[in-house]
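Dropping model15.csv in here (CSV, N, CA and C atoms):
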```csv
chain,number,residue,atom,x,y,z
A,9,GLN,N,112.1,120.0,190.8
A,9,GLN,CA,111.1,120.2,189.7
A,9,GLN,C,110.3,119.0,189.4
A,10,VAL,N,109.1,119.2,188.9
A,10,VAL,CA,108.2,118.1,188.6
A,10,VAL,C,107.9,118.1,187.1
A,11,GLN,N,107.6,116.9,186.6
A,11,GLN,CA,107.1,116.8,185.2
A,11,GLN,C,105.6,116.4,185.2
A,12,LEU,N,104.9,116.9,184.2
A,12,LEU,CA,103.5,116.8,184.2
A,12,LEU,C,103.0,116.2,182.8
A,13,VAL,N,102.1,115.3,182.9
A,13,VAL,CA,101.6,114.7,181.7
A,13,VAL,C,100.1,114.7,181.8
A,14,GLU,N,99.4,115.4,180.8
A,14,GLU,CA,97.9,115.4,180.8
A,14,GLU,C,97.4,114.3,179.9
A,15,SER,N,96.1,114.0,180.1
A,15,SER,CA,95.4,113.1,179.3
A,15,SER,C,93.9,113.3,179.5
A,16,GLY,N,93.1,112.8,178.6
A,16,GLY,CA,91.7,112.8,178.7
A,16,GLY,C,91.0,113.8,177.8
A,17,GLY,N,91.7,114.6,177.0
A,17,GLY,CA,91.0,115.5,176.1
A,17,GLY,C,90.4,114.7,175.0
A,18,GLY,N,89.7,115.4,174.1
A,18,GLY,CA,89.0,114.8,173.0
A,18,GLY,C,87.9,115.7,172.4
A,19,LEU,N,87.1,115.0,171.6
A,19,LEU,CA,86.0,115.7,171.0
A,19,LEU,C,84.7,115.2,171.6
A,20,VAL,N,83.9,116.1,172.0
A,20,VAL,CA,82.6,115.8,172.7
A,20,VAL,C,81.5,116.8,172.2
A,21,GLN,N,80.3,116.3,172.2
A,21,GLN,CA,79.2,117.2,171.9
A,21,GLN,C,78.8,118.1,173.0
A,22,ALA,N,78.3,119.2,172.7
A,22,ALA,CA,77.8,120.1,173.7
A,22,ALA,C,76.9,119.4,174.7
A,23,GLY,N,77.0,119.7,175.9
A,23,GLY,CA,76.3,119.0,177.0
A,23,GLY,C,76.9,117.8,177.5
A,24,GLY,N,78.0,117.3,176.9
A,24,GLY,CA,78.7,116.2,177.3
A,24,GLY,C,79.7,116.5,178.4
A,25,SER,N,80.4,115.4,178.8
A,25,SER,CA,81.4,115.5,179.9
A,25,SER,C,82.8,115.0,179.5
A,26,LEU,N,83.8,115.5,180.1
A,26,LEU,CA,85.1,114.9,180.0
A,26,LEU,C,85.8,115.0,181.3
A,27,ARG,N,86.7,114.1,181.6
A,27,ARG,CA,87.6,114.2,182.8
A,27,ARG,C,89.0,114.2,182.3
A,28,LEU,N,89.7,115.3,182.6
A,28,LEU,CA,91.1,115.4,182.3
A,28,LEU,C,91.9,114.9,183.5
A,29,SER,N,93.1,114.3,183.2
A,29,SER,CA,94.0,113.9,184.3
A,29,SER,C,95.3,114.5,184.0
A,30,CYS,N,96.1,114.7,185.1
A,30,CYS,CA,97.4,115.2,185.0
A,30,CYS,C,98.2,114.4,186.1
A,31,VAL,N,99.2,113.7,185.6
A,31,VAL,CA,100.1,112.9,186.5
A,31,VAL,C,101.4,113.6,186.6
A,32,ALA,N,101.8,113.8,187.9
A,32,ALA,CA,103.1,114.4,188.2
A,32,ALA,C,104.1,113.4,188.5
A,33,SER,N,105.4,113.7,188.2
A,33,SER,CA,106.5,112.9,188.5
A,33,SER,C,107.7,113.8,188.9
A,34,GLY,N,108.7,113.2,189.5
A,34,GLY,CA,109.8,114.0,189.9
A,34,GLY,C,109.8,114.3,191.3
A,35,TYR,N,110.1,115.6,191.7
A,35,TYR,CA,110.2,115.9,193.1
A,35,TYR,C,108.8,116.2,193.7
A,36,ILE,N,108.0,115.1,193.9
A,36,ILE,CA,106.6,115.3,194.4
A,36,ILE,C,106.5,115.9,195.7
A,37,ASP,N,107.5,115.7,196.6
A,37,ASP,CA,107.4,116.2,197.9
A,37,ASP,C,107.4,117.7,198.0
A,38,SER,N,107.8,118.3,196.8
A,38,SER,CA,107.9,119.8,196.8
A,38,SER,C,106.6,120.4,196.3
A,39,LEU,N,105.6,119.6,195.9
A,39,LEU,CA,104.4,120.2,195.4
A,39,LEU,C,103.6,121.0,196.4
A,40,MET,N,103.1,122.1,196.0
A,40,MET,CA,102.2,122.9,196.8
A,40,MET,C,100.8,123.0,196.2
A,41,PHE,N,100.8,123.3,194.9
A,41,PHE,CA,99.5,123.4,194.2
A,41,PHE,C,99.6,122.8,192.8
A,42,MET,N,98.5,122.2,192.4
A,42,MET,CA,98.4,121.8,191.0
A,42,MET,C,97.1,122.3,190.4
A,43,GLY,N,97.0,122.6,189.2
A,43,GLY,CA,95.8,123.1,188.6
A,43,GLY,C,95.8,123.1,187.1
A,44,TRP,N,94.9,123.9,186.6
A,44,TRP,CA,94.6,123.9,185.2
A,44,TRP,C,94.4,125.4,184.6
A,45,PHE,N,95.0,125.6,183.4
A,45,PHE,CA,94.7,126.7,182.6
A,45,PHE,C,94.2,126.2,181.3
A,46,ARG,N,93.6,127.1,180.5
A,46,ARG,CA,93.2,126.8,179.2
A,46,ARG,C,93.5,127.9,178.2
A,47,GLN,N,93.7,127.6,177.0
A,47,GLN,CA,94.0,128.6,175.9
A,47,GLN,C,93.3,128.2,174.6
A,48,SER,N,92.5,129.1,174.1
A,48,SER,CA,91.9,128.9,172.8
A,48,SER,C,92.6,129.8,171.8
A,49,PRO,N,92.5,129.5,170.5
A,49,PRO,CA,93.3,130.2,169.5
A,49,PRO,C,93.0,131.7,169.6
A,50,GLY,N,94.1,132.5,169.5
A,50,GLY,CA,94.1,133.9,169.5
A,50,GLY,C,93.9,134.5,170.9
A,51,ASN,N,93.8,133.7,171.9
A,51,ASN,CA,93.5,134.2,173.3
A,51,ASN,C,94.7,133.9,174.2
A,52,LYS,N,94.7,134.6,175.3
A,52,LYS,CA,95.7,134.3,176.3
A,52,LYS,C,95.3,133.0,177.1
A,53,ARG,N,96.3,132.5,177.8
A,53,ARG,CA,96.1,131.4,178.7
A,53,ARG,C,95.3,131.8,179.9
A,54,ASP,N,94.2,131.2,180.2
A,54,ASP,CA,93.3,131.6,181.3
A,54,ASP,C,93.3,130.6,182.4
A,55,PHE,N,93.3,131.0,183.6
A,55,PHE,CA,93.2,130.2,184.8
A,55,PHE,C,91.8,129.5,184.8
A,56,VAL,N,91.8,128.2,185.2
A,56,VAL,CA,90.5,127.4,185.3
A,56,VAL,C,90.3,127.0,186.7
A,57,ALA,N,91.3,126.3,187.3
A,57,ALA,CA,91.1,125.7,188.6
A,57,ALA,C,92.4,125.3,189.2
A,58,ARG,N,92.4,125.1,190.6
A,58,ARG,CA,93.6,124.6,191.3
A,58,ARG,C,93.2,123.9,192.5
A,59,THR,N,94.1,123.1,193.0
A,59,THR,CA,93.9,122.4,194.3
A,59,THR,C,95.2,122.4,195.0
A,60,SER,N,95.2,122.5,196.3
A,60,SER,CA,96.4,122.3,197.1
A,60,SER,C,96.8,120.8,197.1
A,61,TRP,N,98.1,120.6,197.2
A,61,TRP,CA,98.5,119.2,197.2
A,61,TRP,C,98.3,118.5,198.6
A,62,SER,N,98.1,119.3,199.6
A,62,SER,CA,97.7,118.8,200.9
A,62,SER,C,96.6,119.7,201.4
A,63,GLY,N,95.8,119.3,202.3
A,63,GLY,CA,94.7,120.1,202.8
A,63,GLY,C,93.5,120.2,201.8
A,64,GLU,N,92.7,121.1,202.0
A,64,GLU,CA,91.4,121.2,201.3
A,64,GLU,C,91.2,122.5,200.5
A,65,ASP,N,92.3,123.1,200.2
A,65,ASP,CA,92.3,124.4,199.4
A,65,ASP,C,92.0,124.1,198.0
A,66,THR,N,90.8,124.4,197.5
A,66,THR,CA,90.4,124.1,196.1
A,66,THR,C,89.7,125.4,195.6
A,67,TYR,N,90.0,125.8,194.4
A,67,TYR,CA,89.4,126.9,193.8
A,67,TYR,C,89.1,126.7,192.3
A,68,VAL,N,87.9,127.1,191.9
A,68,VAL,CA,87.5,126.9,190.5
A,68,VAL,C,87.1,128.3,190.0
A,69,GLU,N,87.6,128.7,188.9
A,69,GLU,CA,87.2,130.0,188.4
A,69,GLU,C,85.7,130.2,188.2
A,70,GLU,N,85.2,131.4,188.6
A,70,GLU,CA,83.8,131.6,188.7
A,70,GLU,C,83.0,131.2,187.5
A,71,SER,N,83.5,131.5,186.3
A,71,SER,CA,82.7,131.3,185.1
A,71,SER,C,82.4,129.8,184.8
A,72,VAL,N,83.1,128.9,185.4
A,72,VAL,CA,82.9,127.5,185.1
A,72,VAL,C,82.6,126.7,186.4
A,73,ARG,N,82.4,127.4,187.5
A,73,ARG,CA,82.4,126.8,188.8
A,73,ARG,C,81.2,125.8,188.9
A,74,ARG,N,80.1,126.2,188.2
A,74,ARG,CA,78.9,125.3,188.3
A,74,ARG,C,79.0,124.0,187.5
A,75,ARG,N,80.1,124.0,186.6
A,75,ARG,CA,80.2,122.9,185.7
A,75,ARG,C,81.5,122.1,185.9
A,76,PHE,N,82.5,122.7,186.4
A,76,PHE,CA,83.8,122.1,186.5
A,76,PHE,C,84.2,121.8,188.0
A,77,THR,N,84.8,120.7,188.3
A,77,THR,CA,85.3,120.5,189.6
A,77,THR,C,86.8,120.0,189.4
A,78,THR,N,87.6,120.2,190.4
A,78,THR,CA,88.9,119.7,190.4
A,78,THR,C,89.1,118.8,191.7
A,79,SER,N,89.9,117.8,191.6
A,79,SER,CA,90.2,116.9,192.7
A,79,SER,C,91.6,116.3,192.5
A,80,ARG,N,92.1,115.6,193.5
A,80,ARG,CA,93.4,115.0,193.4
A,80,ARG,C,93.4,113.7,194.0
A,81,ASP,N,94.3,112.9,193.6
A,81,ASP,CA,94.6,111.6,194.2
A,81,ASP,C,96.1,111.5,194.5
A,82,ASN,N,96.4,111.8,195.8
A,82,ASN,CA,97.8,111.8,196.2
A,82,ASN,C,98.5,110.5,195.9
A,83,ALA,N,97.8,109.4,196.1
A,83,ALA,CA,98.5,108.1,195.9
A,83,ALA,C,98.9,107.9,194.5
A,84,LYS,N,98.2,108.5,193.6
A,84,LYS,CA,98.5,108.4,192.2
A,84,LYS,C,99.2,109.6,191.6
A,85,ASN,N,99.6,110.5,192.5
A,85,ASN,CA,100.2,111.8,192.0
A,85,ASN,C,99.5,112.4,190.9
A,86,THR,N,98.2,112.4,191.0
A,86,THR,CA,97.3,112.9,189.9
A,86,THR,C,96.3,113.9,190.3
A,87,VAL,N,96.1,114.9,189.5
A,87,VAL,CA,95.0,115.8,189.7
A,87,VAL,C,94.0,115.7,188.5
A,88,TYR,N,92.8,115.9,188.8
A,88,TYR,CA,91.7,115.8,187.8
A,88,TYR,C,91.0,117.1,187.6
A,89,LEU,N,90.4,117.2,186.4
A,89,LEU,CA,89.5,118.3,186.1
A,89,LEU,C,88.2,117.6,185.5
A,90,GLN,N,87.2,117.6,186.2
A,90,GLN,CA,85.9,117.0,185.7
A,90,GLN,C,85.1,118.2,185.1
A,91,MET,N,84.8,118.0,183.9
A,91,MET,CA,84.0,119.1,183.1
A,91,MET,C,82.7,118.5,182.7
A,92,ASN,N,81.7,119.1,183.1
A,92,ASN,CA,80.3,118.7,182.8
A,92,ASN,C,79.6,119.8,182.0
A,93,SER,N,78.5,119.4,181.4
A,93,SER,CA,77.7,120.4,180.6
A,93,SER,C,78.6,121.2,179.7
A,94,LEU,N,79.4,120.6,179.0
A,94,LEU,CA,80.4,121.3,178.2
A,94,LEU,C,79.7,122.1,177.1
A,95,LYS,N,80.3,123.3,176.8
A,95,LYS,CA,79.8,124.2,175.8
A,95,LYS,C,80.9,124.4,174.7
A,96,PRO,N,80.5,124.8,173.5
A,96,PRO,CA,81.5,125.1,172.5
A,96,PRO,C,82.6,126.1,172.9
A,97,GLU,N,82.2,127.0,173.7
A,97,GLU,CA,83.2,128.0,174.2
A,97,GLU,C,84.2,127.4,175.2
A,98,ASP,N,84.0,126.2,175.6
A,98,ASP,CA,85.0,125.5,176.4
A,98,ASP,C,86.2,124.9,175.6
A,99,THR,N,86.0,125.0,174.3
A,99,THR,CA,87.0,124.4,173.3
A,99,THR,C,88.3,125.2,173.5
A,100,ALA,N,89.4,124.4,173.8
A,100,ALA,CA,90.7,125.0,174.1
A,100,ALA,C,91.7,123.9,174.3
A,101,VAL,N,92.9,124.3,174.4
A,101,VAL,CA,94.0,123.4,174.9
A,101,VAL,C,94.0,123.6,176.4
A,102,TYR,N,93.9,122.5,177.1
A,102,TYR,CA,94.0,122.6,178.6
A,102,TYR,C,95.4,122.2,179.1
A,103,TYR,N,95.9,123.0,179.9
A,103,TYR,CA,97.3,122.8,180.4
A,103,TYR,C,97.2,122.6,181.9
A,104,CYS,N,97.9,121.6,182.4
A,104,CYS,CA,98.1,121.3,183.8
A,104,CYS,C,99.4,122.1,184.2
A,105,TYR,N,99.3,122.6,185.5
A,105,TYR,CA,100.5,123.3,186.0
A,105,TYR,C,100.7,122.8,187.4
A,106,ALA,N,101.9,123.1,187.9
A,106,ALA,CA,102.3,122.8,189.3
A,106,ALA,C,103.1,123.9,189.9
A,107,GLU,N,102.9,124.2,191.1
A,107,GLU,CA,103.7,125.1,191.9
A,107,GLU,C,104.4,124.4,193.0
A,108,THR,N,105.7,124.6,193.1
A,108,THR,CA,106.5,123.8,194.1
A,108,THR,C,107.2,124.8,195.0
A,109,ARG,N,107.6,124.2,196.2
A,109,ARG,CA,108.4,125.0,197.1
A,109,ARG,C,109.8,125.2,196.5
A,110,GLY,N,110.3,126.4,196.7
A,110,GLY,CA,111.6,126.7,196.3
A,110,GLY,C,111.8,127.0,194.8
A,111,ASP,N,110.7,127.1,194.1
A,111,ASP,CA,110.8,127.4,192.6
A,111,ASP,C,109.8,128.4,192.3
A,112,PRO,N,110.1,129.6,191.9
A,112,PRO,CA,109.1,130.7,191.6
A,112,PRO,C,108.4,130.4,190.3
A,113,LYS,N,108.9,129.6,189.5
A,113,LYS,CA,108.2,129.3,188.2
A,113,LYS,C,107.3,128.1,188.2
A,114,ARG,N,106.2,128.2,187.5
A,114,ARG,CA,105.3,127.0,187.4
A,114,ARG,C,105.9,126.0,186.5
A,115,SER,N,105.6,124.7,186.7
A,115,SER,CA,105.9,123.7,185.8
A,115,SER,C,104.6,123.5,184.9
A,116,TRP,N,104.8,123.1,183.7
A,116,TRP,CA,103.6,123.0,182.8
A,116,TRP,C,103.7,121.6,182.1
A,117,GLY,N,102.4,121.1,181.8
A,117,GLY,CA,102.3,120.0,181.0
A,117,GLY,C,102.3,120.4,179.5
A,118,GLN,N,102.2,119.4,178.6
A,118,GLN,CA,102.2,119.7,177.2
A,118,GLN,C,100.9,120.1,176.7
A,119,GLY,N,99.8,120.0,177.4
A,119,GLY,CA,98.5,120.4,177.0
A,119,GLY,C,97.7,119.3,176.4
A,120,THR,N,96.4,119.3,176.5
A,120,THR,CA,95.5,118.4,175.9
A,120,THR,C,94.3,119.1,175.3
A,121,GLN,N,94.0,118.8,174.1
A,121,GLN,CA,93.0,119.5,173.3
A,121,GLN,C,91.6,119.0,173.7
A,122,VAL,N,90.7,120.0,174.0
A,122,VAL,CA,89.3,119.7,174.2
A,122,VAL,C,88.5,120.4,173.2
A,123,THR,N,87.7,119.7,172.4
A,123,THR,CA,86.9,120.3,171.4
A,123,THR,C,85.5,119.9,171.7
A,124,VAL,N,84.6,121.0,171.8
A,124,VAL,CA,83.2,120.8,172.0
A,124,VAL,C,82.4,121.2,170.8
A,125,SER,N,81.7,120.3,170.2
A,125,SER,CA,80.9,120.6,169.0
A,125,SER,C,79.5,121.0,169.4
A,126,SER,N,79.0,121.8,168.6
A,126,SER,CA,77.6,122.3,168.8
A,126,SER,C,76.6,121.4,168.2
```

Can the structure from this file be put into structure tokens for me?
Amino acid sequence: QVQLVESGGGLVQAGGSLRLSCVASGYIDSLMFMGWFRQSPGNKRDFVARTSWSGEDTYVEESVRRRFTTSRDNAKNTVYLQMNSLKPEDTAVYYCYAETRGDPKRSWGQGTQVTVSS
């Protein structure tokens, strides 16, 4: 299993940018994918983006694809979510997740709040 810690959330004005980071620890060798979901009050947790831990398999949800990118730094055991041109509707708690070999359940971070003011 892996443990995940997110950082980088905060308050930003519409049109601004934030970069979220998620550091993994534990059984790193088992990692297959890491990525991001987000959840705003009263809504379900929605997929945002993911990247494979090896190779070039990266996917960003269509509605944010022109503004968000995801990347990883294997040397730092870290995955990033770069968010540009932020909108008030991007306001949510952003959760990092990991999928590992041999475990059908995702690991989750504690979440980081992103608030975009208009």

Requested in this report: Provide the atom CA of Met40 of chain A to atom CA of Ser115 of chain A distance in Å, to one decimal place.
Outcome: 11.6 Å

Query - From A:Cys30, A:Ala57, A:Met42, A:Leu89, residue lying nearest Gln118 of chain A [only C-alpha atoms] - result: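 Among the listed residues, the smallest separation from Gln118 of chain A belongs to A:Cys30.
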
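Among the candidates A:Ser62, A:Thr99, A:Asn82, A:Ser126, the one nearest to Arg46 of chain A when counting only N, CA and C atoms is A:Thr99.
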
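Of the residues under consideration (A:Trp61, A:Leu94, A:Tyr105, A:Ile36), A:Leu94 shows the shortest atom-to-atom contact distance to Arg75 of chain A when counting only C-alpha atoms.
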
Report task. Would you please give, as a ChimeraX atom specification, all residues of chain A that DSSP assigns to strand (DSSP E) based on the backbone? Result -> /A:10-15,18-21,26-34,39-47,54-60,66-68,76-81,86-91,100-108,111-116,120-125

Query - helix (DSSP H, G or I) per DSSP on the backbone: members of chain A, as a list of chain:residue names - result: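 Reading the DSSP output for chain A, helix (DSSP H, G or I) covers A:Ile36, A:Asp37, A:Ser38, A:Glu70, A:Ser71, A:Val72, A:Asn82, A:Ala83, A:Lys84, A:Pro96, A:Glu97, A:Asp98.
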
Requested in this report: Could you tell me which of A:Gln90, A:Glu14, A:Val122, A:Val101 comes closest to Arg27 of chain A if we count only C-alpha atoms?
Outcome: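 Looking only at the distances to Arg27 of chain A, the closest residue turns out to be A:Gln90.
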
**Report entry** Residues within 10 Å of (94.6, 117.3, 187.4), counting only C-alpha atoms, listed as a ChimeraX atom specification
**Finding:** /A:12-15,27-32,42-44,57-59,78-81,85-90,103-106

Report task. Excluding Ala22 of chain A and any residue of its chain fewer than 6 positions from it, enumerate the residues within 10 Å of it, using only C-alpha atoms, and give them as a list in words. Result ->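 Within the cut-off, the hits are Asn92, Ser93, Leu94, Lys95, Pro96, Glu97, Asp98, Thr123, Val124, Ser125 and Ser126 of chain A.
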
Residues as selected, N, CA and C atoms, written as a PDB file, in the coordinates of the input, can you do that?
```
ATOM      1  N   ASN A  92      81.700 119.100 183.100  1.00  0.00           N
ATOM      2  CA  ASN A  92      80.300 118.700 182.800  1.00  0.00           C
ATOM      3  C   ASN A  92      79.600 119.800 182.000  1.00  0.00           C
ATOM      4  N   SER A  93      78.500 119.400 181.400  1.00  0.00           N
ATOM      5  CA  SER A  93      77.700 120.400 180.600  1.00  0.00           C
ATOM      6  C   SER A  93      78.600 121.200 179.700  1.00  0.00           C
ATOM      7  N   LEU A  94      79.400 120.600 179.000  1.00  0.00           N
ATOM      8  CA  LEU A  94      80.400 121.300 178.200  1.00  0.00           C
ATOM      9  C   LEU A  94      79.700 122.100 177.100  1.00  0.00           C
ATOM     10  N   LYS A  95      80.300 123.300 176.800  1.00  0.00           N
ATOM     11  CA  LYS A  95      79.800 124.200 175.800  1.00  0.00           C
ATOM     12  C   LYS A  95      80.900 124.400 174.700  1.00  0.00           C
ATOM     13  N   PRO A  96      80.500 124.800 173.500  1.00  0.00           N
ATOM     14  CA  PRO A  96      81.500 125.100 172.500  1.00  0.00           C
ATOM     15  C   PRO A  96      82.600 126.100 172.900  1.00  0.00           C
ATOM     16  N   GLU A  97      82.200 127.000 173.700  1.00  0.00           N
ATOM     17  CA  GLU A  97      83.200 128.000 174.200  1.00  0.00           C
ATOM     18  C   GLU A  97      84.200 127.400 175.200  1.00  0.00           C
ATOM     19  N   ASP A  98      84.000 126.200 175.600  1.00  0.00           N
ATOM     20  CA  ASP A  98      85.000 125.500 176.400  1.00  0.00           C
ATOM     21  C   ASP A  98      86.200 124.900 175.600  1.00  0.00           C
ATOM     22  N   THR A 123      87.700 119.700 172.400  1.00  0.00           N
ATOM     23  CA  THR A 123      86.900 120.300 171.400  1.00  0.00           C
ATOM     24  C   THR A 123      85.500 119.900 171.700  1.00  0.00           C
ATOM     25  N   VAL A 124      84.600 121.000 171.800  1.00  0.00           N
ATOM     26  CA  VAL A 124      83.200 120.800 172.000  1.00  0.00           C
ATOM     27  C   VAL A 124      82.400 121.200 170.800  1.00  0.00           C
ATOM     28  N   SER A 125      81.700 120.300 170.200  1.00  0.00           N
ATOM     29  CA  SER A 125      80.900 120.600 169.000  1.00  0.00           C
ATOM     30  C   SER A 125      79.500 121.000 169.400  1.00  0.00           C
ATOM     31  N   SER A 126      79.000 121.800 168.600  1.00  0.00           N
ATOM     32  CA  SER A 126      77.600 122.300 168.800  1.00  0.00           C
ATOM     33  C   SER A 126      76.600 121.400 168.200  1.00  0.00           C
TER      34      SER A 126
END
```

Query - A:Ala100, A:Ala83, A:Leu19, A:Leu26 ranked by distance to Phe45 of chain A, top pick (using only C-alpha atoms) - result: A:Ala100

Query - Computed interatomic separation between atom C of Phe76 of chain A and atom N of Arg109 of chain A (Å) - result: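 Between atom C of Phe76 of chain A and atom N of Arg109 of chain A the gap is 24.9 Å.
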
Which polymer residues, whether protein, DNA or RNA, lie within 5 Å of the coordinate (102.8, 119.5, 194.0) when you count all atoms listed in the file? List them as a tab-separated table (two decimals) with N, CA and C atoms, keeping the file's coordinate frame, using the chain letters and numbers from the file.
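Okay, this is what ended up in selection_38.tsv:
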```
chain	number	residue	atom	x	y	z
A	38	SER	N	107.80	118.30	196.80
A	38	SER	CA	107.90	119.80	196.80
A	38	SER	C	106.60	120.40	196.30
A	39	LEU	N	105.60	119.60	195.90
A	39	LEU	CA	104.40	120.20	195.40
A	39	LEU	C	103.60	121.00	196.40
A	40	MET	N	103.10	122.10	196.00
A	40	MET	CA	102.20	122.90	196.80
A	40	MET	C	100.80	123.00	196.20
A	41	PHE	N	100.80	123.30	194.90
A	41	PHE	CA	99.50	123.40	194.20
A	41	PHE	C	99.60	122.80	192.80
```

Requested in this report: Could you check how far atom CA of Val56 of chain A sits from atom CA of Gln21 of chain A, in Å to one decimal?
Outcome: 20.3 Å

Completion of segment 57-70 of chain A up to N, CA, C and O atoms, as a PDB file, keeping the file's coordinate frame:
```pdb
ATOM      1  N   ALA A  57      91.300 126.300 187.300  1.00  0.00           N
ATOM      2  CA  ALA A  57      91.100 125.700 188.600  1.00  0.00           C
ATOM      3  C   ALA A  57      92.400 125.300 189.200  1.00  0.00           C
ATOM      4  O   ALA A  57      93.408 125.125 188.534  1.00  0.00           O
ATOM      5  N   ARG A  58      92.400 125.100 190.600  1.00  0.00           N
ATOM      6  CA  ARG A  58      93.600 124.600 191.300  1.00  0.00           C
ATOM      7  C   ARG A  58      93.200 123.900 192.500  1.00  0.00           C
ATOM      8  O   ARG A  58      92.116 124.132 193.071  1.00  0.00           O
ATOM      9  N   THR A  59      94.100 123.100 193.000  1.00  0.00           N
ATOM     10  CA  THR A  59      93.900 122.400 194.300  1.00  0.00           C
ATOM     11  C   THR A  59      95.200 122.400 195.000  1.00  0.00           C
ATOM     12  O   THR A  59      96.295 122.208 194.370  1.00  0.00           O
ATOM     13  N   SER A  60      95.200 122.500 196.300  1.00  0.00           N
ATOM     14  CA  SER A  60      96.400 122.300 197.100  1.00  0.00           C
ATOM     15  C   SER A  60      96.800 120.800 197.100  1.00  0.00           C
ATOM     16  O   SER A  60      95.959 119.957 196.939  1.00  0.00           O
ATOM     17  N   TRP A  61      98.100 120.600 197.200  1.00  0.00           N
ATOM     18  CA  TRP A  61      98.500 119.200 197.200  1.00  0.00           C
ATOM     19  C   TRP A  61      98.300 118.500 198.600  1.00  0.00           C
ATOM     20  O   TRP A  61      98.221 117.280 198.693  1.00  0.00           O
ATOM     21  N   SER A  62      98.100 119.300 199.600  1.00  0.00           N
ATOM     22  CA  SER A  62      97.700 118.800 200.900  1.00  0.00           C
ATOM     23  C   SER A  62      96.600 119.700 201.400  1.00  0.00           C
ATOM     24  O   SER A  62      96.526 120.875 200.976  1.00  0.00           O
ATOM     25  N   GLY A  63      95.800 119.300 202.300  1.00  0.00           N
ATOM     26  CA  GLY A  63      94.700 120.100 202.800  1.00  0.00           C
ATOM     27  C   GLY A  63      93.500 120.200 201.800  1.00  0.00           C
ATOM     28  O   GLY A  63      93.435 119.344 200.883  1.00  0.00           O
ATOM     29  N   GLU A  64      92.700 121.100 202.000  1.00  0.00           N
ATOM     30  CA  GLU A  64      91.400 121.200 201.300  1.00  0.00           C
ATOM     31  C   GLU A  64      91.200 122.500 200.500  1.00  0.00           C
ATOM     32  O   GLU A  64      90.135 122.916 200.226  1.00  0.00           O
ATOM     33  N   ASP A  65      92.300 123.100 200.200  1.00  0.00           N
ATOM     34  CA  ASP A  65      92.300 124.400 199.400  1.00  0.00           C
ATOM     35  C   ASP A  65      92.000 124.100 198.000  1.00  0.00           C
ATOM     36  O   ASP A  65      92.971 123.730 197.236  1.00  0.00           O
ATOM     37  N   THR A  66      90.800 124.400 197.500  1.00  0.00           N
ATOM     38  CA  THR A  66      90.400 124.100 196.100  1.00  0.00           C
ATOM     39  C   THR A  66      89.700 125.400 195.600  1.00  0.00           C
ATOM     40  O   THR A  66      88.889 125.953 196.327  1.00  0.00           O
ATOM     41  N   TYR A  67      90.000 125.800 194.400  1.00  0.00           N
ATOM     42  CA  TYR A  67      89.400 126.900 193.800  1.00  0.00           C
ATOM     43  C   TYR A  67      89.100 126.700 192.300  1.00  0.00           C
ATOM     44  O   TYR A  67      89.992 126.209 191.618  1.00  0.00           O
ATOM     45  N   VAL A  68      87.900 127.100 191.900  1.00  0.00           N
ATOM     46  CA  VAL A  68      87.500 126.900 190.500  1.00  0.00           C
ATOM     47  C   VAL A  68      87.100 128.300 190.000  1.00  0.00           C
ATOM     48  O   VAL A  68      86.290 128.995 190.744  1.00  0.00           O
ATOM     49  N   GLU A  69      87.600 128.700 188.900  1.00  0.00           N
ATOM     50  CA  GLU A  69      87.200 130.000 188.400  1.00  0.00           C
ATOM     51  C   GLU A  69      85.700 130.200 188.200  1.00  0.00           C
ATOM     52  O   GLU A  69      84.989 129.213 187.874  1.00  0.00           O
ATOM     53  N   GLU A  70      85.200 131.400 188.600  1.00  0.00           N
ATOM     54  CA  GLU A  70      83.800 131.600 188.700  1.00  0.00           C
ATOM     55  C   GLU A  70      83.000 131.200 187.500  1.00  0.00           C
ATOM     56  O   GLU A  70      81.861 130.638 187.605  1.00  0.00           O
TER      57      GLU A  70
END
```
